[in-house]
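Next comes entry.cif, with mmCIF, C-alpha atoms.
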data_data
loop_
_atom_site.group_PDB
_atom_site.id
_atom_site.type_symbol
_atom_site.label_atom_id
_atom_site.label_comp_id
_atom_site.auth_asym_id
_atom_site.auth_seq_id
_atom_site.Cartn_x
_atom_site.Cartn_y
_atom_site.Cartn_z
ATOM 1 C CA MET A 959 0.000 0.000 0.000
ATOM 2 C CA ALA A 960 1.371 3.437 -0.890
ATOM 3 C CA THR A 961 2.281 5.646 2.054
ATOM 4 C CA GLU A 962 -0.480 8.141 1.234
ATOM 5 C CA ASP A 963 -3.121 5.392 1.109
ATOM 6 C CA TRP A 964 -1.814 3.977 4.367
ATOM 7 C CA LEU A 965 -2.206 7.361 6.043
ATOM 8 C CA THR A 966 -5.769 7.944 4.848
ATOM 9 C CA THR A 967 -6.842 4.391 5.686
ATOM 10 C CA THR A 968 -5.168 4.447 9.105
ATOM 11 C CA LEU A 969 -6.677 7.784 10.084
ATOM 12 C CA THR A 970 -10.111 6.550 9.018
ATOM 13 C CA GLU A 971 -9.679 3.407 11.122
ATOM 14 C CA LEU A 972 -8.503 5.437 14.111
ATOM 15 C CA ALA A 973 -11.573 7.647 13.685
ATOM 16 C CA GLN A 974 -13.898 4.646 13.676
ATOM 17 C CA GLN A 975 -12.309 3.268 16.841
ATOM 18 C CA ASN A 976 -12.497 6.547 18.786
ATOM 19 C CA SER A 977 -15.584 7.063 20.919
ATOM 20 C CA ALA A 978 -15.132 10.800 21.598
ATOM 21 C CA TYR A 979 -17.076 12.797 19.004
ATOM 22 C CA GLN A 980 -14.563 15.630 18.667
ATOM 23 C CA SER A 981 -11.615 13.250 18.265
ATOM 24 C CA ARG A 982 -13.510 11.151 15.746
ATOM 25 C CA ALA A 983 -14.352 14.241 13.687
ATOM 26 C CA LEU A 984 -10.786 15.466 13.837
ATOM 27 C CA LEU A 985 -9.328 12.115 12.748
ATOM 28 C CA GLN A 986 -11.873 11.702 9.966
ATOM 29 C CA GLN A 987 -11.260 15.207 8.638
ATOM 30 C CA THR A 988 -7.509 14.654 8.835
ATOM 31 C CA ALA A 989 -8.041 11.545 6.687
ATOM 32 C CA VAL A 990 -9.913 13.679 4.141
ATOM 33 C CA TYR A 991 -7.104 16.223 4.307
ATOM 34 C CA ALA A 992 -4.432 13.530 3.855
ATOM 35 C CA ALA A 993 -6.142 12.288 0.670
ATOM 36 C CA GLU A 994 -6.214 15.839 -0.707
ATOM 37 C CA LEU A 995 -2.582 16.350 0.321
ATOM 38 C CA ALA A 996 -1.538 13.194 -1.563
ATOM 39 C CA ARG A 997 -3.392 14.417 -4.641
ATOM 40 C CA ARG A 998 -1.729 17.830 -4.457
ATOM 41 C CA ILE A 999 1.725 16.291 -4.005
ATOM 42 C CA GLU A 1000 1.189 14.132 -7.090
ATOM 43 C CA GLN A 1001 -0.008 17.123 -9.126
ATOM 44 C CA SER A 1002 2.882 19.289 -7.941
ATOM 45 C CA GLU A 1003 5.403 16.567 -8.865
ATOM 46 C CA GLY A 1004 3.799 16.370 -12.304
ATOM 47 C CA GLU A 1005 3.972 20.129 -12.704
ATOM 48 C CA LEU A 1006 7.595 20.168 -11.571
ATOM 49 C CA ASP A 1007 8.519 17.493 -14.135
ATOM 50 C CA GLY A 1008 6.660 19.358 -16.851
ATOM 51 C CA ARG A 1009 8.394 22.639 -16.095
ATOM 52 C CA ILE A 1010 11.868 21.114 -15.754
ATOM 53 C CA TRP A 1011 11.537 19.354 -19.150
ATOM 54 C CA ASN A 1012 9.944 22.298 -20.912
ATOM 55 C CA HIS A 1013 12.320 22.679 -23.887
ATOM 56 C CA GLU A 1014 10.981 26.128 -24.681
ATOM 57 C CA GLN A 1015 12.710 27.348 -21.544
ATOM 58 C CA TRP A 1016 16.105 25.820 -22.447
ATOM 59 C CA MET B 1053 -4.832 34.304 20.867
ATOM 60 C CA GLN B 1054 -8.163 34.875 22.584
ATOM 61 C CA THR B 1055 -11.433 34.579 20.688
ATOM 62 C CA LEU B 1056 -14.662 35.948 22.096
ATOM 63 C CA ILE B 1057 -17.810 34.341 20.686
ATOM 64 C CA LEU B 1058 -20.874 36.526 21.059
ATOM 65 C CA VAL B 1059 -23.845 34.269 20.497
ATOM 66 C CA ALA B 1060 -26.998 36.099 19.442
ATOM 67 C CA HIS B 1061 -29.890 33.679 19.563
ATOM 68 C CA PRO B 1062 -33.177 34.047 21.461
ATOM 69 C CA GLU B 1063 -33.220 30.377 22.536
ATOM 70 C CA ILE B 1064 -29.828 28.741 22.461
ATOM 71 C CA ASP B 1065 -31.033 25.714 24.406
ATOM 72 C CA ASN B 1066 -33.589 24.926 21.717
ATOM 73 C CA SER B 1067 -31.248 25.436 18.797
ATOM 74 C CA PRO B 1068 -29.586 22.239 17.515
ATOM 75 C CA THR B 1069 -27.110 24.385 15.546
ATOM 76 C CA GLN B 1070 -25.993 26.407 18.562
ATOM 77 C CA GLN B 1071 -25.887 23.297 20.752
ATOM 78 C CA PHE B 1072 -23.685 21.592 18.184
ATOM 79 C CA LEU B 1073 -21.367 24.595 17.953
ATOM 80 C CA GLN B 1074 -21.083 24.864 21.713
ATOM 81 C CA ALA B 1075 -20.235 21.152 21.967
ATOM 82 C CA SER B 1076 -17.640 21.646 19.208
ATOM 83 C CA LEU B 1077 -15.498 24.040 21.218
ATOM 84 C CA PRO B 1078 -12.104 22.502 21.936
ATOM 85 C CA GLN B 1079 -12.186 22.035 25.714
ATOM 86 C CA SER B 1080 -8.491 22.768 26.228
ATOM 87 C CA ALA B 1081 -8.897 26.221 24.640
ATOM 88 C CA VAL B 1082 -12.003 26.920 26.756
ATOM 89 C CA ASN B 1083 -10.142 25.921 29.922
ATOM 90 C CA ASP B 1084 -7.230 28.207 29.024
ATOM 91 C CA ASP B 1085 -9.621 31.135 28.379
ATOM 92 C CA GLN B 1086 -8.507 31.200 24.748
ATOM 93 C CA LEU B 1087 -12.149 30.763 23.790
ATOM 94 C CA ILE B 1088 -14.965 32.567 25.551
ATOM 95 C CA TRP B 1089 -18.573 31.670 24.810
ATOM 96 C CA HIS B 1090 -20.755 34.674 25.611
ATOM 97 C CA ASP B 1091 -24.499 34.137 25.328
ATOM 98 C CA LEU B 1092 -25.934 37.649 24.842
ATOM 99 C CA THR B 1093 -29.536 36.687 25.639
ATOM 100 C CA ALA B 1094 -28.494 35.082 28.933
ATOM 101 C CA ALA B 1095 -26.140 37.957 29.820
ATOM 102 C CA PHE B 1096 -28.876 40.534 29.256
ATOM 103 C CA ALA B 1097 -31.500 38.529 31.164
ATOM 104 C CA LYS B 1098 -29.192 38.286 34.163
ATOM 105 C CA ASN B 1099 -28.159 41.893 34.767
ATOM 106 C CA GLY B 1100 -29.043 43.991 31.728
ATOM 107 C CA TRP B 1101 -26.073 45.390 29.820
ATOM 108 C CA SER B 1102 -22.943 46.324 31.665
ATOM 109 C CA ARG B 1103 -21.106 48.483 29.155
ATOM 110 C CA GLU B 1104 -17.900 48.280 31.129
ATOM 111 C CA THR B 1105 -17.931 44.478 31.315
ATOM 112 C CA GLU B 1106 -18.683 44.115 27.626
ATOM 113 C CA LEU B 1107 -15.956 46.556 26.601
ATOM 114 C CA THR B 1108 -13.451 44.757 28.829
ATOM 115 C CA LEU B 1109 -14.367 41.448 27.186
ATOM 116 C CA LEU B 1110 -13.839 43.023 23.767
ATOM 117 C CA GLU B 1111 -10.570 44.610 24.776
ATOM 118 C CA GLN B 1112 -9.158 41.306 26.008
ATOM 119 C CA ALA B 1113 -10.059 39.436 22.822
ATOM 120 C CA ASP B 1114 -8.004 39.345 19.626
ATOM 121 C CA ARG B 1115 -10.790 37.918 17.494
ATOM 122 C CA ILE B 1116 -14.470 38.652 18.007
ATOM 123 C CA ILE B 1117 -17.109 36.350 16.572
ATOM 124 C CA TRP B 1118 -20.733 37.262 16.084
ATOM 125 C CA GLN B 1119 -22.623 34.010 15.848
ATOM 126 C CA PHE B 1120 -26.264 34.013 14.877
ATOM 127 C CA PRO B 1121 -29.010 32.579 12.685
ATOM 128 C CA LEU B 1122 -30.069 34.822 9.813
ATOM 129 C CA TYR B 1123 -33.548 36.196 10.622
ATOM 130 C CA TRP B 1124 -35.024 38.436 7.969
ATOM 131 C CA TYR B 1125 -31.600 39.101 6.463
ATOM 132 C CA SER B 1126 -30.091 40.198 9.749
ATOM 133 C CA ALA B 1127 -29.024 38.972 13.175
ATOM 134 C CA PRO B 1128 -31.660 38.488 15.907
ATOM 135 C CA ALA B 1129 -32.508 41.736 17.709
ATOM 136 C CA ILE B 1130 -30.310 40.991 20.717
ATOM 137 C CA LEU B 1131 -27.142 41.699 18.731
ATOM 138 C CA LYS B 1132 -28.409 45.117 17.632
ATOM 139 C CA GLN B 1133 -29.456 45.899 21.203
ATOM 140 C CA TRP B 1134 -26.010 44.949 22.429
ATOM 141 C CA GLN B 1135 -24.342 46.992 19.675
ATOM 142 C CA GLU B 1136 -26.386 50.106 20.467
ATOM 143 C CA ALA B 1137 -25.972 49.740 24.217
ATOM 144 C CA ILE B 1138 -22.206 49.238 24.107
ATOM 145 C CA PHE B 1139 -21.191 51.486 21.221
ATOM 146 C CA THR B 1140 -22.677 54.819 22.211
ATOM 147 C CA GLY B 1141 -21.219 58.185 21.269
ATOM 148 C CA GLU B 1142 -18.260 58.984 19.056
ATOM 149 C CA VAL B 1143 -16.328 56.328 17.157
ATOM 150 C CA SER B 1144 -13.082 57.851 18.456
ATOM 151 C CA GLN B 1145 -13.964 56.505 21.922
ATOM 152 C CA TYR B 1146 -13.319 53.003 20.589
ATOM 153 C CA GLU B 1147 -9.874 53.552 19.160
ATOM 154 C CA PHE B 1148 -8.483 51.340 21.901
ATOM 155 C CA LEU B 1149 -10.218 48.410 20.180
ATOM 156 C CA ALA B 1150 -8.671 49.027 16.741
ATOM 157 C CA GLY B 1151 -6.865 46.086 15.181
ATOM 158 C CA LYS B 1152 -9.332 43.425 16.363
ATOM 159 C CA GLU B 1153 -10.670 40.827 13.966
ATOM 160 C CA LEU B 1154 -14.399 40.381 13.392
ATOM 161 C CA GLY B 1155 -15.697 37.036 12.184
ATOM 162 C CA LEU B 1156 -19.312 36.018 11.567
ATOM 163 C CA VAL B 1157 -20.699 32.521 12.034
ATOM 164 C CA VAL B 1158 -24.085 32.591 10.357
ATOM 165 C CA SER B 1159 -26.582 29.766 10.121
ATOM 166 C CA LEU B 1160 -29.009 29.742 7.232
ATOM 167 C CA GLY B 1161 -32.355 28.042 6.779
ATOM 168 C CA GLU B 1162 -31.903 28.322 3.020
ATOM 169 C CA LYS B 1163 -29.248 26.763 0.825
ATOM 170 C CA LEU B 1164 -26.111 28.784 0.304
ATOM 171 C CA ALA B 1165 -26.697 28.618 -3.457
ATOM 172 C CA SER B 1166 -29.990 30.530 -2.992
ATOM 173 C CA TYR B 1167 -28.047 33.670 -2.169
ATOM 174 C CA GLN B 1168 -27.057 34.864 -5.611
ATOM 175 C CA ALA B 1169 -28.490 36.971 -8.379
ATOM 176 C CA GLY B 1170 -31.248 35.068 -10.159
ATOM 177 C CA ALA B 1171 -31.644 32.459 -7.388
ATOM 178 C CA ARG B 1172 -34.389 32.298 -4.786
ATOM 179 C CA GLU B 1173 -32.963 35.009 -2.506
ATOM 180 C CA GLN B 1174 -31.550 37.201 -5.311
ATOM 181 C CA PHE B 1175 -28.859 38.814 -3.159
ATOM 182 C CA THR B 1176 -25.466 37.530 -2.113
ATOM 183 C CA LEU B 1177 -24.546 37.081 1.528
ATOM 184 C CA SER B 1178 -21.737 39.605 1.079
ATOM 185 C CA GLU B 1179 -24.449 42.171 0.234
ATOM 186 C CA ILE B 1180 -26.768 41.121 3.048
ATOM 187 C CA LEU B 1181 -24.016 41.118 5.682
ATOM 188 C CA ARG B 1182 -22.550 44.445 4.531
ATOM 189 C CA PRO B 1183 -23.628 46.376 7.687
ATOM 190 C CA TYR B 1184 -21.376 44.105 9.797
ATOM 191 C CA GLN B 1185 -18.477 44.668 7.436
ATOM 192 C CA ALA B 1186 -19.136 48.436 7.598
ATOM 193 C CA PHE B 1187 -19.095 48.303 11.388
ATOM 194 C CA ALA B 1188 -15.726 46.499 11.348
ATOM 195 C CA GLN B 1189 -14.370 48.993 8.835
ATOM 196 C CA LYS B 1190 -15.494 51.943 10.959
ATOM 197 C CA LEU B 1191 -13.821 50.589 14.077
ATOM 198 C CA GLY B 1192 -10.610 49.584 12.343
ATOM 199 C CA TRP B 1193 -11.288 45.871 12.784
ATOM 200 C CA ARG B 1194 -10.252 43.321 10.165
ATOM 201 C CA TYR B 1195 -13.349 41.662 8.726
ATOM 202 C CA LEU B 1196 -12.915 37.922 8.147
ATOM 203 C CA ALA B 1197 -14.735 35.961 5.452
ATOM 204 C CA PRO B 1198 -17.813 34.668 7.321
ATOM 205 C CA LEU B 1199 -18.340 31.002 8.148
ATOM 206 C CA MET B 1200 -21.717 30.007 6.765
ATOM 207 C CA ILE B 1201 -23.715 27.027 7.991
ATOM 208 C CA GLU B 1202 -26.416 26.047 5.544
ATOM 209 C CA GLN B 1203 -29.435 24.003 6.560
ATOM 210 C CA PHE B 1204 -27.866 22.402 9.606
ATOM 211 C CA SER B 1205 -30.701 19.943 10.138
ATOM 212 C CA TYR B 1206 -30.078 18.389 6.707
ATOM 213 C CA LEU B 1207 -26.334 17.903 7.207
ATOM 214 C CA THR B 1208 -24.972 14.369 6.961
ATOM 215 C CA ASP B 1209 -22.727 12.973 9.697
ATOM 216 C CA SER B 1210 -19.609 13.613 7.662
ATOM 217 C CA ALA B 1211 -20.737 17.170 6.857
ATOM 218 C CA LYS B 1212 -21.196 17.759 10.589
ATOM 219 C CA GLN B 1213 -17.693 16.463 11.263
ATOM 220 C CA LYS B 1214 -16.385 18.845 8.623
ATOM 221 C CA LEU B 1215 -18.333 21.697 10.210
ATOM 222 C CA LEU B 1216 -16.838 20.914 13.620
ATOM 223 C CA VAL B 1217 -13.299 21.178 12.249
ATOM 224 C CA ASP B 1218 -14.079 24.227 10.076
ATOM 225 C CA TYR B 1219 -15.592 25.946 13.116
ATOM 226 C CA GLN B 1220 -12.628 25.164 15.362
ATOM 227 C CA GLN B 1221 -10.285 26.464 12.686
ATOM 228 C CA TYR B 1222 -12.376 29.597 12.244
ATOM 229 C CA LEU B 1223 -12.064 30.293 15.969
ATOM 230 C CA THR B 1224 -8.423 29.442 16.491
ATOM 231 C CA LEU B 1225 -6.449 29.510 13.231
ATOM 232 C CA LYS B 1226 -4.936 32.514 11.484
ATOM 233 C CA GLN B 1227 -7.403 33.659 8.802
ATOM 234 C CA PRO B 1228 -7.338 33.296 5.869
ATOM 235 C CA ALA B 1229 -5.428 30.039 6.232
ATOM 236 C CA SER B 1230 -3.581 28.325 3.401
ATOM 237 C CA PHE B 1231 -3.942 24.611 2.656
ATOM 238 C CA ALA B 1232 -0.572 23.940 4.320
ATOM 239 C CA GLN B 1233 -1.499 25.990 7.404
ATOM 240 C CA ARG B 1234 -4.692 23.984 7.799
ATOM 241 C CA GLY B 1235 -2.570 20.830 7.657
ATOM 242 C CA GLN B 1236 -0.211 22.106 10.333
ATOM 243 C CA TRP B 1237 -3.222 22.949 12.476
ATOM 244 C CA LEU B 1238 -4.631 19.407 12.087
ATOM 245 C CA LEU B 1239 -1.248 17.969 12.951
ATOM 246 C CA ALA B 1240 -1.097 20.037 16.143
ATOM 247 C CA GLN B 1241 -4.624 18.945 17.123
ATOM 248 C CA LEU B 1242 -3.778 15.269 16.742
ATOM 249 C CA GLN B 1243 -1.424 15.694 19.723
ATOM 250 C CA GLN B 1244 -4.458 16.306 21.925
ATOM 251 C CA ILE B 1245 -6.175 13.042 21.090
ATOM 252 C CA ALA B 1246 -6.146 10.640 23.983
ATOM 253 C CA SER B 1247 -5.604 6.973 23.147
ATOM 254 C CA VAL B 1248 -7.062 4.164 25.190
ATOM 255 C CA ASP B 1249 -4.378 1.577 24.490
ATOM 256 C CA SER B 1250 -0.718 1.495 23.518
ATOM 257 C CA THR B 1251 -1.271 0.005 20.033
ATOM 258 C CA THR B 1252 -3.623 2.846 19.092
ATOM 259 C CA LYS B 1253 -1.191 5.309 20.586
ATOM 260 C CA SER B 1254 1.722 4.081 18.496
ATOM 261 C CA THR B 1255 -0.399 3.907 15.313
ATOM 262 C CA LEU B 1256 -1.493 7.508 15.906
ATOM 263 C CA ALA B 1257 2.111 8.586 16.484
ATOM 264 C CA LEU B 1258 3.116 6.931 13.200
ATOM 265 C CA ALA B 1259 0.257 8.654 11.363
ATOM 266 C CA GLN B 1260 1.347 12.013 12.777
ATOM 267 C CA GLU B 1261 4.892 11.368 11.613
ATOM 268 C CA GLN B 1262 3.699 10.471 8.110
ATOM 269 C CA LEU B 1263 1.486 13.522 7.917
ATOM 270 C CA ALA B 1264 4.344 15.777 9.057
ATOM 271 C CA ASP B 1265 6.644 14.246 6.401
ATOM 272 C CA GLN B 1266 4.082 14.680 3.655
ATOM 273 C CA LEU B 1267 3.384 18.266 4.654
ATOM 274 C CA ALA B 1268 7.115 18.967 4.520
ATOM 275 C CA ASP B 1269 7.301 17.341 1.041
ATOM 276 C CA TYR B 1270 4.354 19.404 -0.149
ATOM 277 C CA GLN B 1271 5.846 22.642 1.121
ATOM 278 C CA ASP B 1272 9.227 21.811 -0.502
ATOM 279 C CA LEU B 1273 7.493 21.145 -3.814
ATOM 280 C CA GLN B 1274 5.629 24.465 -3.577
ATOM 281 C CA THR B 1275 8.895 26.317 -2.920
ATOM 282 C CA GLN B 1276 10.625 24.629 -5.886
ATOM 283 C CA LEU B 1277 7.682 25.362 -8.170
ATOM 284 C CA GLN B 1278 7.615 29.017 -7.136
ATOM 285 C CA GLU B 1279 11.313 29.338 -7.923
ATOM 286 C CA ILE B 1280 10.948 27.709 -11.336
ATOM 287 C CA ARG B 1281 7.895 29.837 -12.209
ATOM 288 C CA ARG B 1282 9.791 32.966 -11.236
ATOM 289 C CA GLY B 1283 12.720 32.013 -13.477
ATOM 290 C CA GLU B 1284 10.581 31.296 -16.552
ATOM 291 C CA HIS B 1285 10.302 33.782 -19.390
ATOM 292 C CA ASP B 1286 7.544 34.343 -21.970
#

Structure re-expressed in structure tokens:
Amino acid sequence: MATEDWLTTTLTELAQQNSAYQSRALLQQTAVYAAELARRIEQSEGELDGRIWNHEQW
Amino acid sequence: MQTLILVAHPEIDNSPTQQFLQASLPQSAVNDDQLIWHDLTAAFAKNGWSRETELTLLEQADRIIWQFPLYWYSAPAILKQWQEAIFTGEVSQYEFLAGKELGLVVSLGEKLASYQAGAREQFTLSEILRPYQAFAQKLGWRYLAPLMIEQFSYLTDSAKQKLLVDYQQYLTLKQPASFAQRGQWLLAQLQQIASVDSTTKSTLALAQEQLADQLADYQDLQTQLQEIRRGEHD
């Protein structure tokens, strides 16, 4: 499992196991955040590659 | 940072929205007096307005929140009563309060999408809430983008969880907050979560470590991208 998937899945599981409402909400929303973070990292890496290999800038 | 939440609602005890918001306050911040919940209806019923007490509360706070349901395109009357009772006379009397932040937490019976030209309500919430922005402007307070709660009773469980975190961030996080700042805030909050057993505790610690690493990676990537974009020519 990729690290990002592990993080989202683990946070979701921790949320489900927690009985305190505030903690559960926080863990669940951190899982949502982690998924978005992974997506943004992937997009930024793609953009970085694209810009580095942009021959028009050579 | 201290945030003062002025709640303007005629019946807080009968309002599921206000009850939810009150239960959403992070207890550690309440205990440290970083968050103060101030029910205007209850305060007035107890002793009437004490201008001195209210001004002291305002002076001590860095961020002031007006929290209310939207009744006829405005806050319930108690907020206006409070405003007129506390802010009497010349604006120059209130210079000692300049530099505060004013945030609004507004609950709506209608959908957010109804507040736009051509939709059911025709007017945007920025237009409807303009008097509050004008007040902030007059007093030299920084007006924050309001936090809107639409149709609370129809929210799903996950939408309520999102609201809880959005609300806590609105009260305690620098505004406006970037994506990375919201991540750092979440990371800091995870420290407060109590674990029942050692396995959960170590899994949580590992998750925090991973999140911190990924946030660092993301911020590095953003810095590199900014540098490359700056160096590019047309």

Practice task
One decimal, Å: what's the distance from atom CA of Trp1011 of chain A over to atom CA of Glu1284 of chain B, could you say?
Solution key: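 Those two atoms sit 12.3 Å apart.
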
Handout entry: Nearest residue to Gln1071 of chain B from the set B:Trp1134, B:Phe1187, B:Tyr1222, B:Trp1089 (distances using all atoms listed in the file)
Key = B:Trp1089

Handout entry: Selection dump of the PyMOL selection byres ((chain A) within 7 of (chain B)), as a PyMOL selection string
Key = chain A and resi 965+980-981+983-984+987-988+999+1002+1006+1015

Excluding Glu1106 of chain B and residues on its chain fewer than 5 positions from it, collect all residues at most 10 Å away from it, counting only C-alpha atoms, and give them as an mmCIF file with C-alpha atoms, in the frame of the given file.
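Contents of the output file selection_2.cif:
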data_model
loop_
_atom_site.group_PDB
_atom_site.id
_atom_site.type_symbol
_atom_site.label_atom_id
_atom_site.label_comp_id
_atom_site.auth_asym_id
_atom_site.auth_seq_id
_atom_site.Cartn_x
_atom_site.Cartn_y
_atom_site.Cartn_z
ATOM 1 C CA HIS B 1090 -20.755 34.674 25.611
ATOM 2 C CA ALA B 1095 -26.140 37.957 29.820
ATOM 3 C CA TRP B 1101 -26.073 45.390 29.820
ATOM 4 C CA GLU B 1111 -10.570 44.610 24.776
ATOM 5 C CA TRP B 1134 -26.010 44.949 22.429
ATOM 6 C CA ALA B 1137 -25.972 49.740 24.217
ATOM 7 C CA ILE B 1138 -22.206 49.238 24.107
#

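Here atom CA of Tyr1125 of chain B and atom CA of Leu1181 of chain B stand 7.9 Å from one another.
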
Exercise for the section: Please indicate the distance in Å from atom CA of Glu1153 of chain B to atom CA of Lys1190 of chain B, rounded to one decimal place. Expected result: 12.5 Å

Problem - Spatial neighbours of Ala1188 of chain B, 9 Å, all atoms listed in the file, chain gap at least 4 places, as a list of chain:residue names - result: B:Lys1152, B:Glu1153, B:Leu1154, B:Pro1183, B:Tyr1184, B:Gly1192, B:Trp1193, B:Arg1194, B:Tyr1195

Can those selected residues be exported to a file as a compact mmCIF listing (two decimals), in the frame of the given file so that it contains C-alpha atoms?
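Result written to result.txt:
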# COMPACT_ATOMS: atom_id res chain seq x y z
CA LYS B 1152 -9.33 43.42 16.36
CA GLU B 1153 -10.67 40.83 13.97
CA LEU B 1154 -14.40 40.38 13.39
CA PRO B 1183 -23.63 46.38 7.69
CA TYR B 1184 -21.38 44.10 9.80
CA GLY B 1192 -10.61 49.58 12.34
CA TRP B 1193 -11.29 45.87 12.78
CA ARG B 1194 -10.25 43.32 10.16
CA TYR B 1195 -13.35 41.66 8.73
